[in-house]
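Everything on this sheet refers to the single structure shown next.
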Amino acid sequence: MVYTIPAQNLSLYDLKAKFGLQLADNDQFFREWLDNLPELTHFDKQVLDQVKANYLHVAERPVPEDIVKMVVLSPLLDLAGFYRSPFQITSAVPVKISAENDGEIVQGRIDVLVLQEQFWILVIESKRNTFSLELAIPQALAYMLGDSDRGKPTFGLVTTGVVSSS
């Protein structure tokens, strides 16, 4: 019998047990995130300050997921250049993955997917500001498993828009 599991119901343990995911704690794992990064321009800093100010204003009340996408994600995607060629943006992308020999299918919908041709650049899962990121991480990882080109890296972003004080 085949069972369907919503991706949002998965835990990190489930992903390890069913799909063999494992933690990579090597500090050299994502060198491209550490080396040769361009300096933020004055304009970049102004945009980021404005995103933060906008979020802090709306966060005075509970912020639904759609507002997080508008207030936080949209300006960041624009600043990163993901609305321009050669990238494409899509949303509510259905994903189904099967666990080997378990008769289980994990399914859900990716909030935002950034593509270049068929190459998945970035999977984004956003949640309302009162939602724990620890619960959203397994969901985003499950969606990333749905990338048919496992030979290339897929990056994920999980956000509630919450601004850290540190």
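Note on naming: chains are A, B, ... as they come in the structure tokens, residues start from 1 per chain, ligands start from 1 in the order shown.
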
Q: Assign secondary structure with DSSP using the backbone only, and return the residues of segment 8-51 of chain A in helix (DSSP H, G or I) as number ranges by chain.
A: A: 8-9, 12-19, 31-33, 42-51

Q | Which of segment 41-111 of chain A fall in strand (DSSP E or B), as a count of residues only | A | 20

Q | Distance criterion (only C-alpha atoms): nearest to Trp120 of chain A out of A:Gly108, A:Gly156, A:Pro94, A:Pro138 | A |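 Looking at the shortest contact to Trp120 of chain A, the residue is A:Gly156.
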
**Q.** segment 140-148 of chain A environment, 6 Å, only C-alpha atoms, sequence neighbours closer than 2 positions dropped, as a PyMOL selection string
**A.** chain A and resi 95+97+125+137-138+150

Only N, CA, C and O atoms, please: the residues just picked out, written as an mmCIF file, in the first residue's frame.
```cif
data_model
loop_
_atom_site.group_PDB
_atom_site.id
_atom_site.type_symbol
_atom_site.label_atom_id
_atom_site.label_comp_id
_atom_site.auth_asym_id
_atom_site.auth_seq_id
_atom_site.Cartn_x
_atom_site.Cartn_y
_atom_site.Cartn_z
ATOM 1 N N VAL A 95 5.740 19.016 -5.709
ATOM 2 C CA VAL A 95 6.876 18.112 -5.600
ATOM 3 C C VAL A 95 6.384 16.798 -5.022
ATOM 4 O O VAL A 95 5.615 16.783 -4.062
ATOM 5 N N ILE A 97 8.227 12.996 -3.980
ATOM 6 C CA ILE A 97 9.399 12.139 -3.911
ATOM 7 C C ILE A 97 8.993 10.835 -3.248
ATOM 8 O O ILE A 97 8.092 10.799 -2.417
ATOM 9 N N GLU A 125 11.268 28.264 1.266
ATOM 10 C CA GLU A 125 10.097 27.937 2.067
ATOM 11 C C GLU A 125 9.924 29.064 3.069
ATOM 12 O O GLU A 125 10.816 29.339 3.866
ATOM 13 N N ILE A 137 12.674 23.485 8.145
ATOM 14 C CA ILE A 137 13.888 22.983 7.492
ATOM 15 C C ILE A 137 13.669 21.617 6.858
ATOM 16 O O ILE A 137 14.005 21.424 5.686
ATOM 17 N N PRO A 138 13.092 20.624 7.555
ATOM 18 C CA PRO A 138 12.859 19.337 6.899
ATOM 19 C C PRO A 138 11.956 19.467 5.659
ATOM 20 O O PRO A 138 12.160 18.772 4.660
ATOM 21 N N ARG A 150 20.409 15.797 -9.478
ATOM 22 C CA ARG A 150 21.104 15.709 -8.192
ATOM 23 C C ARG A 150 22.618 15.847 -8.338
ATOM 24 O O ARG A 150 23.336 15.869 -7.357
#
```

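Considering the residues A:Pro6, A:Pro153, A:Gly81, A:Pro86 and counting only C-alpha atoms, Gln116 of chain A has its shortest atom-to-atom contact with A:Pro86.
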
(Q) Ranking A:Val72, A:Leu77, A:Leu37, A:Ile110 by minimum distance to Asn54 of chain A and counting only C-alpha atoms, which one comes first? (A) A:Val72

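Summary of the local environment: counting only C-alpha atoms, residues at most 12 Å from Lys18 of chain A, other than itself and those fewer than 3 positions away along its chain, are Leu10, Ser11, Leu12, Tyr13, Asp14, Leu15, Leu21, Gln22, Ile97, Ser98, Ala99, Glu100, Asn101, Asp102, Gly103, Glu104, Ile105, Val106, Ala142 and Leu145 of chain A.
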
Q. Expressed in Å to a single decimal, how great is the separation between atom CA of Asp78 of chain A and atom CA of Leu48 of chain A?
A.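 Atom-to-atom, atom CA of Asp78 of chain A and atom CA of Leu48 of chain A are spaced 11.3 Å apart.
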
Q: Tell me, in Å to one decimal, how far atom CA of Gln50 of chain A is from atom CA of Ala80 of chain A.
A: 15.2 Å
